[in-house]
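Containing PDB, C-alpha atoms: start_35.pdb.
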```pdb
ATOM      1  CA  MET A 258      11.272 -14.949  -0.259
ATOM      2  CA  SER A 259       8.671 -15.672   2.388
ATOM      3  CA  LYS A 260       5.130 -14.585   1.707
ATOM      4  CA  SER A 261       3.434 -11.308   2.360
ATOM      5  CA  VAL A 262      -0.025 -11.477   3.928
ATOM      6  CA  PHE A 263      -2.882  -9.375   2.609
ATOM      7  CA  TYR A 264      -5.643  -8.920   5.206
ATOM      8  CA  HIS A 265      -9.033  -7.707   4.121
ATOM      9  CA  ALA A 266     -12.709  -7.835   4.924
ATOM     10  CA  GLY A 267     -14.380  -8.058   1.541
ATOM     11  CA  CYS A 268     -15.203  -4.365   1.171
ATOM     12  CA  PRO A 269     -15.046  -2.922  -2.354
ATOM     13  CA  VAL A 270     -11.879  -0.972  -1.534
ATOM     14  CA  CYS A 271     -10.336  -4.210  -0.247
ATOM     15  CA  VAL A 272     -11.197  -6.226  -3.330
ATOM     16  CA  SER A 273      -9.774  -3.595  -5.629
ATOM     17  CA  ALA A 274      -6.568  -3.374  -3.609
ATOM     18  CA  GLU A 275      -6.315  -7.171  -3.467
ATOM     19  CA  HIS A 276      -6.386  -7.320  -7.245
ATOM     20  CA  GLU A 277      -3.602  -4.742  -7.499
ATOM     21  CA  VAL A 278      -1.416  -6.327  -4.861
ATOM     22  CA  ILE A 279      -1.674  -9.772  -6.430
ATOM     23  CA  GLU A 280      -0.861  -8.341  -9.834
ATOM     24  CA  LEU A 281       2.177  -6.525  -8.441
ATOM     25  CA  LEU A 282       3.604  -9.241  -6.230
ATOM     26  CA  GLY A 283       2.343 -12.383  -7.922
ATOM     27  CA  ALA A 284      -0.316 -14.645  -6.417
ATOM     28  CA  GLU A 285       2.331 -17.123  -5.254
ATOM     29  CA  ASN A 286       3.922 -14.452  -3.046
ATOM     30  CA  VAL A 287       0.800 -13.334  -1.198
ATOM     31  CA  GLU A 288      -1.420 -15.110   1.296
ATOM     32  CA  VAL A 289      -4.883 -13.545   1.272
ATOM     33  CA  VAL A 290      -6.829 -13.563   4.541
ATOM     34  CA  HIS A 291     -10.505 -12.579   4.436
ATOM     35  CA  PHE A 292     -11.727 -11.846   7.958
ATOM     36  CA  GLY A 293     -15.306 -12.586   6.920
ATOM     37  CA  ASN A 294     -14.244 -16.160   6.225
ATOM     38  CA  ASP A 295     -11.681 -16.483   8.962
ATOM     39  CA  LYS A 296     -12.377 -14.411  12.062
ATOM     40  CA  SER A 297      -9.773 -16.405  13.986
ATOM     41  CA  ARG A 298      -7.053 -14.438  12.204
ATOM     42  CA  ILE A 299      -8.216 -11.046  13.563
ATOM     43  CA  ASP A 300      -6.206 -11.352  16.794
ATOM     44  CA  GLU A 301      -3.075 -12.279  14.873
ATOM     45  CA  ALA A 302      -3.448  -9.277  12.572
ATOM     46  CA  GLU A 303      -3.967  -6.838  15.429
ATOM     47  CA  GLN A 304      -0.917  -8.195  17.231
ATOM     48  CA  ILE A 305       1.216  -7.555  14.145
ATOM     49  CA  GLY A 306      -0.093  -3.986  14.082
ATOM     50  CA  VAL A 307      -2.880  -3.972  11.523
ATOM     51  CA  LYS A 308      -5.086  -0.941  12.286
ATOM     52  CA  SER A 309      -7.345  -0.972   9.244
ATOM     53  CA  VAL A 310      -8.010  -3.062   6.172
ATOM     54  CA  PRO A 311      -6.922  -3.615   3.537
ATOM     55  CA  ALA A 312      -3.392  -4.033   4.828
ATOM     56  CA  LEU A 313      -0.347  -5.803   3.521
ATOM     57  CA  VAL A 314       2.092  -7.301   6.000
ATOM     58  CA  THR A 315       5.497  -7.811   4.421
ATOM     59  CA  PRO A 316       7.769 -10.795   5.048
ATOM     60  CA  SER A 317       9.720  -8.558   7.447
ATOM     61  CA  LYS A 318       6.453  -7.947   9.364
ATOM     62  CA  ASN A 319       6.068  -4.313   8.441
ATOM     63  CA  VAL A 320       2.461  -3.257   7.976
ATOM     64  CA  LEU A 321       1.480  -1.254   4.913
ATOM     65  CA  HIS A 322      -2.024   0.108   5.363
ATOM     66  CA  ILE A 323      -3.492   0.620   1.917
ATOM     67  CA  ASN A 324      -6.432   2.791   0.767
ATOM     68  CA  PHE A 325      -8.516   2.958   3.938
ATOM     69  CA  GLY A 326     -11.479   0.580   3.783
ATOM     70  CA  ALA A 327     -12.515  -0.257   7.329
ATOM     71  CA  SER A 328     -11.088   0.008  10.820
ATOM     72  CA  MET A 329     -10.375  -3.114  12.817
ATOM     73  CA  ALA A 330     -13.205  -2.066  15.144
ATOM     74  CA  ASP A 331     -15.565  -2.303  12.179
ATOM     75  CA  VAL A 332     -14.144  -5.675  11.268
ATOM     76  CA  ARG A 333     -14.855  -6.972  14.757
ATOM     77  CA  GLY A 334     -18.415  -5.676  14.333
TER      78      GLY A 334
ATOM     79  CA  MET B1011       5.956  -5.381 -16.927
ATOM     80  CA  SER B1012       5.938  -1.585 -16.988
ATOM     81  CA  LYS B1013       7.047   0.215 -13.868
ATOM     82  CA  SER B1014       5.056   1.278 -10.859
ATOM     83  CA  VAL B1015       5.684   4.803  -9.593
ATOM     84  CA  PHE B1016       6.167   5.494  -5.893
ATOM     85  CA  TYR B1017       5.463   9.137  -5.015
ATOM     86  CA  HIS B1018       6.654  10.520  -1.733
ATOM     87  CA  ALA B1019       7.791  13.661   0.036
ATOM     88  CA  GLY B1020      10.606  12.487   2.243
ATOM     89  CA  CYS B1021       8.597  12.162   5.446
ATOM     90  CA  PRO B1022       9.611   9.354   7.816
ATOM     91  CA  VAL B1023       6.470   7.383   6.969
ATOM     92  CA  CYS B1024       7.332   7.772   3.283
ATOM     93  CA  VAL B1025      10.893   6.568   3.633
ATOM     94  CA  SER B1026       9.840   3.523   5.591
ATOM     95  CA  ALA B1027       7.174   2.662   3.002
ATOM     96  CA  GLU B1028       9.628   3.237   0.150
ATOM     97  CA  HIS B1029      11.984   0.701   1.640
ATOM     98  CA  GLU B1030       9.190  -1.876   1.908
ATOM     99  CA  VAL B1031       7.843  -1.283  -1.581
ATOM    100  CA  ILE B1032      11.266  -1.588  -3.193
ATOM    101  CA  GLU B1033      11.946  -4.768  -1.259
ATOM    102  CA  LEU B1034       8.607  -6.238  -2.356
ATOM    103  CA  LEU B1035       8.607  -5.209  -6.001
ATOM    104  CA  GLY B1036      12.304  -4.937  -6.747
ATOM    105  CA  ALA B1037      14.076  -1.646  -7.376
ATOM    106  CA  GLU B1038      14.028  -2.242 -11.135
ATOM    107  CA  ASN B1039      10.222  -2.264 -11.127
ATOM    108  CA  VAL B1040       9.638   0.988  -9.265
ATOM    109  CA  GLU B1041      10.336   4.581 -10.212
ATOM    110  CA  VAL B1042      10.681   6.687  -7.068
ATOM    111  CA  VAL B1043       9.568  10.327  -7.285
ATOM    112  CA  HIS B1044      10.453  12.633  -4.394
ATOM    113  CA  PHE B1045       8.375  15.803  -4.603
ATOM    114  CA  GLY B1046      10.969  17.689  -2.602
ATOM    115  CA  ASN B1047      13.441  17.096  -5.415
ATOM    116  CA  ASP B1048      10.989  17.308  -8.285
ATOM    117  CA  LYS B1049       8.016  19.573  -7.698
ATOM    118  CA  SER B1050       7.175  19.463 -11.398
ATOM    119  CA  ARG B1051       5.743  15.963 -10.901
ATOM    120  CA  ILE B1052       3.064  17.123  -8.418
ATOM    121  CA  ASP B1053       0.545  18.015 -11.122
ATOM    122  CA  GLU B1054       1.035  14.687 -12.840
ATOM    123  CA  ALA B1055       0.469  12.824  -9.582
ATOM    124  CA  GLU B1056      -2.703  14.721  -8.738
ATOM    125  CA  GLN B1057      -4.085  14.098 -12.224
ATOM    126  CA  ILE B1058      -3.577  10.361 -11.764
ATOM    127  CA  GLY B1059      -5.493  10.589  -8.491
ATOM    128  CA  VAL B1060      -2.834  10.739  -5.793
ATOM    129  CA  LYS B1061      -4.485  12.259  -2.695
ATOM    130  CA  SER B1062      -1.742  11.716  -0.150
ATOM    131  CA  VAL B1063       1.791  10.412   0.058
ATOM    132  CA  PRO B1064       3.299   7.937   0.134
ATOM    133  CA  ALA B1065       1.364   6.458  -2.788
ATOM    134  CA  LEU B1066       2.114   3.747  -5.276
ATOM    135  CA  VAL B1067       0.687   4.037  -8.785
ATOM    136  CA  THR B1068       0.561   0.654 -10.480
ATOM    137  CA  PRO B1069       1.340   0.042 -14.168
ATOM    138  CA  SER B1070      -2.444  -0.035 -14.727
ATOM    139  CA  LYS B1071      -2.651   3.453 -13.169
ATOM    140  CA  ASN B1072      -4.457   2.432 -10.035
ATOM    141  CA  VAL B1073      -3.446   4.425  -6.991
ATOM    142  CA  LEU B1074      -2.640   2.624  -3.760
ATOM    143  CA  HIS B1075      -2.400   5.127  -0.932
ATOM    144  CA  ILE B1076      -0.127   3.653   1.707
ATOM    145  CA  ASN B1077       0.261   4.531   5.411
ATOM    146  CA  PHE B1078      -0.852   8.153   5.466
ATOM    147  CA  GLY B1079       2.104  10.529   5.637
ATOM    148  CA  ALA B1080       1.006  13.866   4.187
ATOM    149  CA  SER B1081      -1.826  15.259   2.102
ATOM    150  CA  MET B1082      -1.102  16.699  -1.321
ATOM    151  CA  ALA B1083      -2.049  20.099   0.115
ATOM    152  CA  ASP B1084       0.825  19.732   2.567
ATOM    153  CA  VAL B1085       3.130  18.696  -0.254
ATOM    154  CA  ARG B1086       2.285  21.863  -2.173
ATOM    155  CA  GLY B1087       3.046  23.779   1.041
TER     156      GLY B1087
END
```

Hey, can you dump this file as structure tokens for me?
Amino acid sequence: MSKSVFYHAGCPVCVSAEHEVIELLGAENVEVVHFGNDKSRIDEAEQIGVKSVPALVTPSKNVLHINFGASMADVRG
Amino acid sequence: MSKSVFYHAGCPVCVSAEHEVIELLGAENVEVVHFGNDKSRIDEAEQIGVKSVPALVTPSKNVLHINFGASMADVRG
């Protein structure tokens, strides 16, 4: 199975969701991208269809927006 | 691992998310509850903290609200 990608921006809602997602899927199945540490990934995420964070993009490139934390506009700042 | 529970109400957003969640977690790890078929589970879901569907409740009873489909008020109709 290829990896899912969990995009987040370090907000409390994001960190809580990250913990849950890693527990459910297994750390080896999830790449975690923190926009605060890696702003270069913001364009990629928006192109896939990420509208808010935290969001999980599945291996089949479907976007699951989880408990609303912040809009992508907020992430861009 | 105990099961996660995926609550939904049959909306298109729900069905799409259900497919993704089952693919990610494996059908054997997820109990799917469709409120249209089982209204008696609505109280249980609200007590756990489900505010909208589709929602995934993890084995540790944390609620992950996924792509907003319908509020619980709509589910009660």

Exercise. Mind giving me the straight-line distance from atom CA of A:Val314 to atom CA of A:Met329 in Å, one decimal?
Key: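 Taking atom CA of A:Val314 and atom CA of A:Met329, their separation equals 14.8 Å.
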
Exercise. Can you pull out every residue within 12 Å of stretch 1037-1039 of chain B, counting all atoms listed in the file, but drop anything in the same chain fewer than 6 positions away, and send it as a PyMOL selection string?
Key: (chain A and resi 281-282) or (chain B and resi 1011-1016+1028-1031+1066-1069)

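Taking atom CA of A:Cys268 as the reference point, atom CA of A:Pro311 is found at 8.6 Å.
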
Quiz item: Any idea what the distance is between atom CA of A:Gly326 and atom CA of B:Val1073?
Solution: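 So the answer is 14.0 Å.
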
Self-check item: chain B residues near chain A (6 Å cut-off, only C-alpha atoms) as number ranges by chain
Solution: B: 1074-1077

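Selection by the PyMOL selection byres ((chain A and resi 333) around 10) on the present file picks out Phe292, Gly293, Lys296, Ile299, Asp300, Ser328, Met329, Ala330, Asp331, Val332 and Gly334 of chain A.
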
Practice problem: With a distance cut-off of 9 Å and all atoms listed in the file, select the neighbouring residues of B:Val1043, excluding the residue or stretch itself and same-chain residues fewer than 4 positions from it, and output the selection as a PyMOL selection string. | Solution: chain B and resi 1015-1019+1047-1048+1051

Would you output that residue set with C-alpha atoms, as a PDB file, in the coordinates of the input?
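After the write, selection05.pdb holds the following:
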```pdb
ATOM      1  CA  VAL B1015       5.684   4.803  -9.593  1.00  0.00           C
ATOM      2  CA  PHE B1016       6.167   5.494  -5.893  1.00  0.00           C
ATOM      3  CA  TYR B1017       5.463   9.137  -5.015  1.00  0.00           C
ATOM      4  CA  HIS B1018       6.654  10.520  -1.733  1.00  0.00           C
ATOM      5  CA  ALA B1019       7.791  13.661   0.036  1.00  0.00           C
ATOM      6  CA  ASN B1047      13.441  17.096  -5.415  1.00  0.00           C
ATOM      7  CA  ASP B1048      10.989  17.308  -8.285  1.00  0.00           C
ATOM      8  CA  ARG B1051       5.743  15.963 -10.901  1.00  0.00           C
TER       9      ARG B1051
END
```
